[in-house]
>>> print(open('target_12.txt').read())   # compact mmCIF, C-alpha atoms
# COMPACT_ATOMS: atom_id res chain seq x y z
CA MET A 1 -10.21 -46.57 -2.58
CA LEU A 2 -7.76 -46.26 0.29
CA GLU A 3 -4.29 -47.68 0.03
CA ALA A 4 -1.20 -48.00 2.27
CA HIS A 5 -1.02 -47.54 6.03
CA MET A 6 0.01 -44.75 8.38
CA THR A 7 3.32 -45.18 10.12
CA GLY A 8 5.99 -42.92 11.57
CA THR A 9 6.35 -40.30 14.30
CA PRO A 10 4.44 -37.10 15.05
CA PHE A 11 5.68 -33.59 14.33
CA LEU A 12 4.17 -30.12 14.37
CA SER A 13 5.76 -27.65 12.01
CA SER A 14 3.96 -24.40 12.70
CA VAL A 15 1.74 -22.90 15.34
CA VAL A 16 -0.78 -22.25 12.56
CA LEU A 17 -1.22 -26.02 12.47
CA LEU A 18 -1.59 -26.25 16.25
CA LEU A 19 -5.30 -26.96 16.13
CA LEU A 20 -5.41 -29.73 13.56
CA PRO A 21 -8.25 -32.22 14.07
CA VAL A 22 -7.76 -34.58 16.99
CA CYS A 23 -6.30 -37.85 15.73
CA THR A 24 -7.55 -41.25 16.80
CA TRP A 25 -3.96 -42.40 17.27
CA GLY A 26 -3.10 -39.38 19.46
CA GLN A 27 -1.01 -39.35 22.59
CA SER A 28 -2.45 -38.90 26.06
CA ALA A 29 -2.89 -35.41 27.48
CA THR A 30 -0.21 -36.14 30.09
CA VAL A 31 2.40 -36.86 27.45
CA THR A 32 1.59 -33.91 25.20
CA ALA A 33 1.22 -31.44 28.08
CA ALA A 34 4.86 -32.00 28.98
CA GLY A 35 5.96 -29.82 26.07
CA LEU A 36 3.53 -26.96 26.72
CA PRO A 37 4.01 -23.96 29.04
CA ALA A 38 2.26 -24.21 32.41
CA GLY A 39 -1.00 -22.39 32.97
CA ASN A 40 -4.77 -22.65 33.07
CA GLY A 41 -5.90 -24.26 29.83
CA ARG A 42 -2.77 -26.30 29.32
CA ASP A 43 -4.61 -29.63 29.59
CA ILE A 44 -7.20 -28.49 27.05
CA ALA A 45 -4.45 -27.56 24.60
CA ALA A 46 -2.81 -30.92 25.21
CA ALA A 47 -6.00 -32.88 24.66
CA ARG A 48 -7.45 -30.88 21.79
CA CYS A 49 -4.53 -29.23 19.99
CA VAL A 50 -1.41 -31.37 20.13
CA SER A 51 -2.69 -34.90 20.53
CA CYS A 52 -1.19 -35.63 17.11
CA HIS A 53 2.03 -33.73 17.64
CA ASP A 54 5.15 -33.15 19.70
CA ALA A 55 4.52 -29.83 21.43
CA SER A 56 8.24 -29.29 22.03
CA ARG A 57 8.66 -28.75 18.28
CA LEU A 58 6.24 -25.81 18.02
CA VAL A 59 7.34 -22.91 15.86
CA THR A 60 5.53 -19.93 17.33
CA PRO A 61 5.03 -16.68 15.48
CA GLY A 62 2.20 -16.15 17.98
CA TYR A 63 -1.07 -14.22 17.73
CA THR A 64 -3.08 -11.55 19.49
CA PRO A 65 -6.20 -12.75 21.35
CA ALA A 66 -8.25 -11.82 18.26
CA GLY A 67 -5.85 -13.78 16.09
CA TRP A 68 -6.09 -16.86 18.30
CA GLN A 69 -9.88 -16.56 18.30
CA ASP A 70 -9.77 -16.66 14.50
CA VAL A 71 -7.48 -19.72 14.55
CA ILE A 72 -9.84 -21.54 16.93
CA GLU A 73 -12.87 -20.74 14.78
CA ARG A 74 -11.17 -21.93 11.61
CA MET A 75 -9.87 -25.14 13.15
CA THR A 76 -13.18 -26.11 14.73
CA LYS A 77 -14.54 -26.07 11.19
CA LEU A 78 -11.90 -28.70 10.40
CA GLY A 79 -13.06 -31.01 13.18
CA VAL A 80 -11.53 -29.87 16.48
CA VAL A 81 -14.22 -30.42 19.16
CA LEU A 82 -14.38 -27.88 22.00
CA SER A 83 -17.09 -27.50 24.61
CA PRO A 84 -18.49 -24.01 25.37
CA ALA A 85 -16.52 -23.99 28.63
CA GLU A 86 -13.26 -25.02 26.96
CA ARG A 87 -13.23 -22.28 24.33
CA PRO A 88 -12.52 -19.25 26.59
CA ALA A 89 -10.02 -21.21 28.68
CA LEU A 90 -8.13 -22.35 25.59
CA LEU A 91 -8.20 -18.89 24.04
CA GLY A 92 -6.77 -17.32 27.19
CA TYR A 93 -4.07 -19.95 27.46
CA LEU A 94 -2.94 -19.63 23.86
CA ALA A 95 -2.95 -15.82 23.95
CA ARG A 96 -0.85 -15.78 27.14
CA SER A 97 1.53 -18.57 26.12
CA PHE A 98 2.03 -17.69 22.46
CA PRO A 99 1.80 -13.88 22.02
CA PRO A 100 2.88 -12.23 18.76
CA GLN A 101 6.59 -12.31 18.11
CA PRO A 102 8.35 -9.60 16.08
CA LYS A 103 9.49 -10.66 12.64
CA PRO A 104 13.13 -10.13 11.65
CA SER A 105 13.84 -7.37 9.15
CA ALA A 106 14.21 -8.37 5.52
CA ASN A 107 17.68 -8.74 4.05
CA ILE A 108 17.58 -7.14 0.60
CA VAL A 109 20.17 -8.54 -1.81
CA ARG A 110 20.97 -6.29 -4.77
CA GLY A 111 21.54 -7.53 -8.30
CA SER A 112 21.09 -6.82 -11.99
CA ALA A 113 17.55 -8.16 -12.50
CA GLN A 114 14.71 -5.66 -12.36
CA VAL A 115 11.20 -6.23 -11.01
CA SER A 116 8.23 -3.86 -10.76
CA PHE A 117 5.15 -4.53 -8.64
CA HIS A 118 1.47 -3.72 -9.15
CA GLU A 119 -0.98 -4.50 -6.35
CA TRP A 120 -4.77 -4.70 -6.11
CA SER A 121 -6.93 -4.92 -2.98
CA VAL A 122 -9.51 -7.70 -3.04
CA ALA A 123 -13.16 -6.72 -3.35
CA THR A 124 -14.29 -8.07 0.04
CA PRO A 125 -12.30 -6.73 3.02
CA GLY A 126 -11.04 -9.57 5.21
CA ALA A 127 -11.47 -12.15 2.43
CA PHE A 128 -7.92 -13.42 3.08
CA PRO A 129 -6.66 -14.21 -0.44
CA HIS A 130 -4.85 -17.52 -0.08
CA ASP A 131 -3.78 -18.71 -3.53
CA PRO A 132 -3.37 -16.77 -6.80
CA LEU A 133 -3.93 -17.94 -10.36
CA ALA A 134 -2.76 -16.34 -13.61
CA THR A 135 -4.97 -17.41 -16.52
CA THR A 136 -4.15 -17.28 -20.23
CA ASP A 137 -6.45 -14.29 -20.82
CA GLY A 138 -4.26 -12.18 -18.53
CA ALA A 139 -6.65 -12.21 -15.57
CA ILE A 140 -5.59 -12.83 -11.98
CA TRP A 141 -7.80 -15.08 -9.86
CA TYR A 142 -7.69 -15.65 -6.11
CA THR A 143 -9.34 -17.75 -3.43
CA GLY A 144 -10.94 -15.55 -0.76
CA GLN A 145 -10.69 -18.16 1.97
CA ARG A 146 -12.50 -16.43 4.83
CA ALA A 147 -15.20 -14.84 2.67
CA SER A 148 -15.78 -18.13 0.80
CA VAL A 149 -15.43 -16.50 -2.62
CA LEU A 150 -13.37 -16.81 -5.78
CA GLY A 151 -12.22 -13.53 -7.25
CA ARG A 152 -11.14 -12.40 -10.73
CA ILE A 153 -9.11 -9.24 -11.33
CA ASP A 154 -8.75 -7.63 -14.76
CA PRO A 155 -5.32 -5.98 -14.51
CA ARG A 156 -6.05 -3.69 -17.49
CA THR A 157 -9.03 -2.03 -15.86
CA GLY A 158 -8.73 -2.99 -12.20
CA ALA A 159 -12.25 -4.42 -12.28
CA ILE A 160 -12.87 -7.23 -9.79
CA GLN A 161 -15.64 -9.80 -9.87
CA GLU A 162 -16.23 -12.22 -7.01
CA TYR A 163 -18.07 -15.53 -7.19
CA PRO A 164 -19.48 -16.85 -3.88
CA THR A 165 -19.22 -20.57 -3.28
CA SER A 166 -22.51 -22.44 -3.35
CA VAL A 167 -21.70 -23.93 0.07
CA PRO A 168 -21.21 -21.30 2.81
CA ASP A 169 -17.89 -21.30 4.67
CA SER A 170 -16.22 -23.58 2.13
CA GLY A 171 -12.82 -22.04 2.82
CA PRO A 172 -11.54 -22.06 -0.79
CA HIS A 173 -7.80 -22.67 -0.77
CA GLY A 174 -5.93 -24.08 -3.80
CA LEU A 175 -6.68 -22.84 -7.30
CA THR A 176 -6.08 -23.92 -10.92
CA ALA A 177 -7.72 -23.65 -14.36
CA ASP A 178 -8.41 -26.22 -17.07
CA ALA A 179 -8.16 -25.92 -20.86
CA GLU A 180 -11.86 -24.98 -21.15
CA GLY A 181 -11.47 -22.04 -18.76
CA HIS A 182 -13.14 -23.65 -15.75
CA ILE A 183 -11.67 -22.62 -12.40
CA TRP A 184 -11.00 -25.47 -9.96
CA PHE A 185 -10.56 -24.98 -6.23
CA THR A 186 -10.23 -26.99 -3.03
CA ALA A 187 -12.88 -26.38 -0.36
CA ASN A 188 -10.54 -26.62 2.60
CA SER A 189 -13.34 -26.31 5.17
CA ALA A 190 -16.09 -28.26 3.43
CA ALA A 191 -14.55 -31.50 2.11
CA TYR A 192 -15.03 -31.04 -1.61
CA ILE A 193 -13.34 -29.89 -4.79
CA GLY A 194 -15.24 -27.31 -6.81
CA ARG A 195 -15.32 -26.38 -10.49
CA LEU A 196 -16.54 -22.89 -11.35
CA ASP A 197 -17.93 -22.01 -14.77
CA PRO A 198 -17.11 -18.27 -14.96
CA GLY A 199 -19.67 -17.76 -17.70
CA THR A 200 -22.62 -18.91 -15.62
CA GLY A 201 -21.27 -18.68 -12.07
CA GLN A 202 -22.33 -22.29 -11.52
CA ILE A 203 -20.17 -24.47 -9.27
CA THR A 204 -19.97 -28.24 -9.60
CA ARG A 205 -18.96 -30.04 -6.40
CA TYR A 206 -16.99 -33.26 -6.10
CA ALA A 207 -17.31 -34.54 -2.54
CA MET A 208 -14.58 -36.43 -0.75
CA PRO A 209 -15.51 -40.13 -0.51
CA ASP A 210 -14.03 -40.57 2.98
CA PRO A 211 -15.23 -38.53 6.00
CA ARG A 212 -11.66 -38.19 7.23
CA ALA A 213 -10.74 -36.22 4.09
CA ARG A 214 -12.30 -33.03 5.37
CA ASP A 215 -9.59 -30.57 4.25
CA PRO A 216 -8.57 -30.74 0.56
CA HIS A 217 -5.56 -28.45 0.27
CA SER A 218 -3.46 -27.88 -2.88
CA LEU A 219 -4.22 -29.10 -6.40
CA VAL A 220 -2.75 -29.39 -9.89
CA LEU A 221 -3.98 -30.59 -13.30
CA ASP A 222 -1.84 -32.90 -15.41
CA ARG A 223 -1.68 -32.69 -19.21
CA SER A 224 -4.50 -35.20 -19.64
CA GLY A 225 -6.84 -33.08 -17.53
CA VAL A 226 -6.74 -35.27 -14.41
CA LEU A 227 -6.68 -33.38 -11.12
CA TRP A 228 -4.27 -34.33 -8.32
CA PHE A 229 -4.56 -32.87 -4.84
CA THR A 230 -3.34 -33.09 -1.25
CA VAL A 231 -5.49 -33.49 1.88
CA GLN A 232 -3.22 -32.14 4.58
CA GLY A 233 -4.87 -32.95 7.92
CA ALA A 234 -6.19 -36.32 6.72
CA ASN A 235 -2.70 -37.32 5.55
CA MET A 236 -3.91 -38.23 2.08
CA VAL A 237 -3.44 -37.39 -1.57
CA GLY A 238 -6.12 -37.78 -4.19
CA ARG A 239 -7.00 -38.04 -7.86
CA LEU A 240 -10.12 -36.65 -9.52
CA ASP A 241 -10.99 -37.60 -13.09
CA PRO A 242 -13.30 -34.86 -14.43
CA ARG A 243 -14.52 -37.12 -17.22
CA THR A 244 -16.11 -39.57 -14.80
CA GLY A 245 -16.24 -37.58 -11.57
CA GLU A 246 -14.44 -40.39 -9.75
CA VAL A 247 -12.39 -39.36 -6.72
CA ARG A 248 -9.79 -41.73 -5.30
CA LEU A 249 -7.87 -41.17 -2.08
CA ILE A 250 -4.52 -42.66 -1.06
CA GLU A 251 -3.08 -42.51 2.44
CA VAL A 252 0.48 -41.27 2.74
CA PRO A 253 2.75 -44.00 4.22
CA THR A 254 4.40 -41.68 6.77
CA ALA A 255 2.04 -40.73 9.59
CA HIS A 256 1.40 -37.01 10.17
CA ALA A 257 3.25 -36.22 6.94
CA LEU A 258 1.02 -33.19 6.27
CA PRO A 259 1.07 -33.46 2.44
CA TYR A 260 1.17 -29.89 1.17
CA GLY A 261 2.39 -28.47 -2.16
CA ILE A 262 1.95 -30.59 -5.30
CA ALA A 263 3.21 -30.36 -8.90
CA VAL A 264 3.40 -32.60 -11.98
CA SER A 265 6.60 -33.40 -13.91
CA SER A 266 6.93 -33.29 -17.70
CA SER A 267 6.44 -37.06 -17.77
CA GLY A 268 3.11 -36.76 -15.94
CA VAL A 269 4.26 -37.89 -12.50
CA PRO A 270 2.72 -35.96 -9.56
CA TYR A 271 5.15 -35.00 -6.80
CA PHE A 272 4.23 -33.59 -3.41
CA VAL A 273 6.14 -32.41 -0.36
CA GLU A 274 5.49 -33.55 3.18
CA PHE A 275 5.41 -30.52 5.43
CA GLY A 276 5.33 -32.73 8.52
CA SER A 277 8.46 -34.71 7.61
CA ASN A 278 11.69 -34.40 5.63
CA ARG A 279 10.30 -36.23 2.60
CA ILE A 280 9.37 -35.65 -1.02
CA ALA A 281 7.00 -38.18 -2.56
CA SER A 282 5.78 -39.20 -6.00
CA ILE A 283 2.54 -40.86 -7.09
CA ASP A 284 2.52 -43.49 -9.83
CA PRO A 285 -0.30 -42.21 -12.12
CA ARG A 286 -1.34 -45.77 -13.08
CA THR A 287 -1.13 -47.69 -9.81
CA LEU A 288 -1.45 -44.74 -7.37
CA THR A 289 1.51 -46.14 -5.44
CA ILE A 290 3.33 -43.54 -3.36
CA ARG A 291 7.12 -43.54 -3.26
CA GLU A 292 8.71 -41.42 -0.55
CA GLN A 293 12.29 -40.14 -0.73
CA VAL A 294 13.99 -38.83 2.40
CA LEU A 295 15.92 -35.57 2.36
CA PRO A 296 19.36 -35.68 4.03
CA GLU A 297 18.60 -33.04 6.67
CA PRO A 298 16.28 -34.48 9.37
CA GLY A 299 14.95 -31.04 10.26
CA ALA A 300 13.92 -30.12 6.71
CA ARG A 301 10.24 -29.29 6.35
CA PRO A 302 9.41 -28.65 2.68
CA ARG A 303 6.19 -26.68 2.23
CA ARG A 304 5.81 -25.96 -1.49
CA LEU A 305 7.64 -27.08 -4.61
CA ALA A 306 8.31 -26.22 -8.26
CA ILE A 307 9.70 -28.41 -11.04
CA ASP A 308 12.17 -27.09 -13.62
CA SER A 309 12.65 -28.08 -17.28
CA HIS A 310 14.96 -30.94 -16.26
CA ASP A 311 12.33 -32.38 -13.91
CA VAL A 312 14.42 -31.35 -10.93
CA ILE A 313 12.37 -30.48 -7.85
CA TRP A 314 12.94 -27.23 -5.97
CA TYR A 315 11.30 -26.69 -2.59
CA THR A 316 11.01 -24.12 0.17
CA ASP A 317 12.15 -25.38 3.57
CA TYR A 318 9.85 -23.30 5.73
CA ALA A 319 11.11 -24.51 9.11
CA ARG A 320 14.84 -23.96 8.53
CA GLY A 321 14.97 -21.03 6.09
CA PHE A 322 16.46 -22.84 3.09
CA LEU A 323 15.89 -23.24 -0.62
CA GLY A 324 16.30 -26.91 -1.57
CA ARG A 325 16.98 -28.87 -4.75
CA PHE A 326 16.20 -32.56 -5.20
CA ASP A 327 16.87 -34.61 -8.32
CA PRO A 328 14.51 -37.63 -8.40
CA ALA A 329 16.63 -39.35 -11.06
CA SER A 330 19.82 -39.44 -9.01
CA GLY A 331 18.50 -38.89 -5.50
CA ALA A 332 20.97 -36.02 -5.08
CA ALA A 333 19.90 -33.17 -2.80
CA ARG A 334 21.40 -29.75 -2.15
CA GLU A 335 20.27 -26.69 -0.25
CA TRP A 336 21.09 -23.00 0.10
CA PRO A 337 20.35 -20.73 3.10
CA SER A 338 17.77 -18.10 2.19
CA PRO A 339 18.97 -14.47 2.36
CA GLY A 340 16.56 -13.68 5.21
CA GLY A 341 18.12 -16.26 7.51
CA PRO A 342 16.78 -19.23 9.51
CA ASP A 343 13.54 -17.46 10.48
CA SER A 344 12.72 -16.22 6.98
CA GLN A 345 10.08 -18.95 6.40
CA PRO A 346 10.37 -19.49 2.62
CA TYR A 347 6.91 -20.31 1.30
CA GLY A 348 5.40 -19.83 -2.19
CA ILE A 349 7.70 -20.83 -5.06
CA ALA A 350 7.65 -20.79 -8.88
CA VAL A 351 10.11 -21.39 -11.72
CA LEU A 352 10.57 -19.22 -14.82
CA ASP A 353 13.12 -20.21 -17.47
CA ASP A 354 14.82 -22.36 -14.83
CA ILE A 355 15.24 -19.37 -12.53
CA LEU A 356 13.70 -19.91 -9.08
CA TRP A 357 11.44 -17.32 -7.48
CA TYR A 358 10.00 -17.63 -3.98
CA SER A 359 8.67 -15.61 -1.06
CA GLU A 360 10.14 -15.13 2.39
CA SER A 361 7.04 -14.94 4.60
CA GLY A 362 8.76 -14.67 7.97
CA VAL A 363 10.55 -11.34 7.45
CA ARG A 364 9.27 -7.76 7.60
CA PRO A 365 8.38 -6.86 4.88
CA ASN A 366 7.93 -10.13 2.99
CA THR A 367 10.37 -10.44 0.11
CA LEU A 368 10.38 -11.81 -3.41
CA VAL A 369 13.60 -13.79 -3.87
CA ARG A 370 15.31 -14.76 -7.15
CA PHE A 371 17.85 -17.58 -7.35
CA ASP A 372 19.91 -18.41 -10.43
CA PRO A 373 21.13 -22.04 -10.23
CA LYS A 374 23.87 -21.40 -12.80
CA SER A 375 25.59 -18.72 -10.76
CA ASN A 376 24.23 -19.69 -7.31
CA ALA A 377 23.33 -16.01 -6.95
CA PHE A 378 20.43 -14.59 -4.95
CA GLN A 379 18.62 -11.31 -5.41
CA SER A 380 15.62 -10.05 -3.44
CA TRP A 381 13.04 -7.27 -3.38
CA PRO A 382 10.75 -5.99 -0.61
CA ILE A 383 7.06 -6.44 -1.37
CA PRO A 384 5.59 -2.91 -1.39
CA SER A 385 2.55 -3.53 0.85
CA GLY A 386 4.54 -5.78 3.17
CA GLY A 387 2.94 -8.98 1.90
CA GLY A 388 1.43 -10.05 5.19
CA THR A 389 2.51 -13.66 4.43
CA VAL A 390 2.73 -14.60 0.76
CA ARG A 391 1.57 -18.21 0.81
CA ASN A 392 1.68 -18.98 -2.88
CA MET A 393 2.71 -17.61 -6.26
CA MET A 394 2.73 -18.71 -9.88
CA ALA A 395 4.22 -17.62 -13.19
CA THR A 396 2.12 -15.75 -15.73
CA SER A 397 1.34 -17.59 -18.97
CA ASP A 398 3.53 -15.23 -21.03
CA GLY A 399 6.54 -16.01 -18.82
CA ARG A 400 7.15 -12.35 -18.05
CA GLY A 401 6.08 -12.19 -14.46
CA LEU A 402 4.56 -13.69 -11.36
CA VAL A 403 1.32 -13.31 -9.42
CA LEU A 404 1.34 -13.40 -5.62
CA ALA A 405 -1.41 -13.65 -2.99
CA GLU A 406 -0.74 -11.35 -0.03
CA SER A 407 -3.01 -12.89 2.59
CA GLY A 408 -2.35 -10.69 5.58
CA VAL A 409 -2.86 -7.39 3.76
CA GLY A 410 -5.74 -8.47 1.52
CA LYS A 411 -4.01 -7.86 -1.79
CA LEU A 412 -2.97 -9.55 -5.00
CA ALA A 413 0.25 -8.57 -6.72
CA ARG A 414 1.80 -8.96 -10.12
CA ALA A 415 5.58 -8.81 -10.27
CA ASP A 416 6.74 -7.91 -13.78
CA ILE A 417 10.27 -9.04 -14.60
CA HIS A 418 12.33 -6.74 -16.83
>>> encode(input="target_12.txt", output="structure tokens")
Amino acid sequence: MLEAHMTGTPFLSSVVLLLLPVCTWGQSATVTAAGLPAGNGRDIAAARCVSCHDASRLVTPGYTPAGWQDVIERMTKLGVVLSPAERPALLGYLARSFPPQPKPSANIVRGSAQVSFHEWSVATPGAFPHDPLATTDGAIWYTGQRASVLGRIDPRTGAIQEYPTSVPDSGPHGLTADAEGHIWFTANSAAYIGRLDPGTGQITRYAMPDPRARDPHSLVLDRSGVLWFTVQGANMVGRLDPRTGEVRLIEVPTAHALPYGIAVSSSGVPYFVEFGSNRIASIDPRTLTIREQVLPEPGARPRRLAIDSHDVIWYTDYARGFLGRFDPASGAAREWPSPGGPDSQPYGIAVLDDILWYSESGVRPNTLVRFDPKSNAFQSWPIPSGGGTVRNMMATSDGRGLVLAESGVGKLARADIH
């Protein structure tokens, strides 16, 4: 069932999102081209890449020609339509207009906490580990997005086992585990949610009931075993009941909100952040009504979130380089500039004993950052391999560490806290 209506104004938060599927409510090529650099291929970019967005708001880390080719290939799988003649023209335009930009150096803040890192390379080179998962048996799982595999690492032996998805090019993205040990994932490129039985290798697929919901993104299980998830490009959130297999989709009220990270409070309320707006939203578990709450800073773009023991929401403001705090009970919001500065691109985030941990993905090398809300003190560590963009992290079940997916360098890491 679909509920609510799309309203609001367009926004594009990152050049990685430049090639989102063309929207039926998009602007004309003339309007969108006004914010793009001149050159051959500009009209194609306007018509195919930013018809949903305000091109003047692009954040451009940039790519090499090979990197832009990879972006185009991935986004055509999500619905962008390009003719054979348009592809080379668009590739040349993007490579010329948005070349790679150097990342700022990391700012390492010293402190008394101690962290040690252990890293493992994934089994398939180029698999692009997107999300990590620490399971109760001590294993570390990952989604190999570009190889369409799920991987399991045994940290005691270093042994790695990969499970290919039953649908090729599924683009596995988000990752979680249920009480029975099944591994759940979002098929970001194939419009389904999958459940892997590690014992048999069998995958059960739950298809999206609406053709627009082609890109399931992040997911979380509540205490009753119900799965909640975001569908970023389709501007939806969803609920999957494993007992019945029913999938319900709800449209986010704000248009182009880009629902991203999602978490569940201690009272069972799912919260998600809107990467395309300055909003945090909740879902009523009974009625599926979405309530959006606006952050004070118009330019805030929360990407992922974590919820502490007081049900206070912490989020990474990727666009502005801030760590944010939002209390749903009072509506009070506060933010702190990240040590790496406005271009640090805070991303993955987790909470351990009400201490916040998150990654800075926009600095060289990526950093692991610790923030103590009681003292307002930061501390940070460089990630040994560089990180190559740490998109997500989570706490281990014993509460002694964190697992991180290092997409750009093809590694998984465990950070042990001493």
>>> residues_near_point(input="target_12.txt", point="(-14.6, -26.5, 5.8)", cutoff="10 Å", atoms="all atoms listed in the file", output="compact mmCIF listing (two decimals) with C-alpha atoms, in the coordinates of the input")
# COMPACT_ATOMS: atom_id res chain seq x y z
CA ARG A 74 -11.17 -21.93 11.61
CA MET A 75 -9.87 -25.14 13.15
CA THR A 76 -13.18 -26.11 14.73
CA LYS A 77 -14.54 -26.07 11.19
CA LEU A 78 -11.90 -28.70 10.40
CA GLY A 79 -13.06 -31.01 13.18
CA GLN A 145 -10.69 -18.16 1.97
CA SER A 148 -15.78 -18.13 0.80
CA VAL A 167 -21.70 -23.93 0.07
CA PRO A 168 -21.21 -21.30 2.81
CA ASP A 169 -17.89 -21.30 4.67
CA SER A 170 -16.22 -23.58 2.13
CA GLY A 171 -12.82 -22.04 2.82
CA PRO A 172 -11.54 -22.06 -0.79
CA THR A 186 -10.23 -26.99 -3.03
CA ALA A 187 -12.88 -26.38 -0.36
CA ASN A 188 -10.54 -26.62 2.60
CA SER A 189 -13.34 -26.31 5.17
CA ALA A 190 -16.09 -28.26 3.43
CA ALA A 191 -14.55 -31.50 2.11
CA TYR A 192 -15.03 -31.04 -1.61
CA ARG A 214 -12.30 -33.03 5.37
CA ASP A 215 -9.59 -30.57 4.25
CA PRO A 216 -8.57 -30.74 0.56
>>> closest_residue(input="target_12.txt", among="A:Leu94, A:Ala377, A:Val80, A:Ala38", to="Thr64 of chain A", atoms="all atoms listed in the file")
A:Leu94
>>> closest_residue(input="target_12.txt", among="A:Leu258, A:Leu196, A:Ala333, A:Leu90", to="Tyr163 of chain A", atoms="all atoms listed in the file")
A:Leu196
>>> residues_around(input="target_12.txt", residues="Asp343 of chain A", least_positions_apart="6", cutoff="7 Å", atoms="all atoms listed in the file", output="PyMOL selection string")
chain A and resi 320-321+362
>>> residues_around(input="target_12.txt", residues="Gly410 of chain A", least_positions_apart="3", cutoff="7 Å", atoms="all atoms listed in the file", output="ChimeraX atom specification")
/A:121-122,125-129,406-407
>>> residues_around(input="target_12.txt", residues="Gly39 of chain A", least_positions_apart="6", cutoff="10 Å", atoms="only C-alpha atoms", output="PyMOL selection string")
chain A and resi 92-94+96-97
>>> write_last_selection(input="target_12.txt", atoms="C-alpha atoms", output="mmCIF file, in the frame of the given file")
data_model
loop_
_atom_site.group_PDB
_atom_site.id
_atom_site.type_symbol
_atom_site.label_atom_id
_atom_site.label_comp_id
_atom_site.auth_asym_id
_atom_site.auth_seq_id
_atom_site.Cartn_x
_atom_site.Cartn_y
_atom_site.Cartn_z
ATOM 1 C CA GLY A 92 -6.770 -17.320 27.190
ATOM 2 C CA TYR A 93 -4.070 -19.950 27.460
ATOM 3 C CA LEU A 94 -2.940 -19.630 23.860
ATOM 4 C CA ARG A 96 -0.850 -15.780 27.140
ATOM 5 C CA SER A 97 1.530 -18.570 26.120
#
>>> residues_around(input="target_12.txt", residues="Leu150 of chain A", least_positions_apart="6", cutoff="7 Å", atoms="all atoms listed in the file", output="MDAnalysis selection string")
chainID A and resid 142:144 162:164
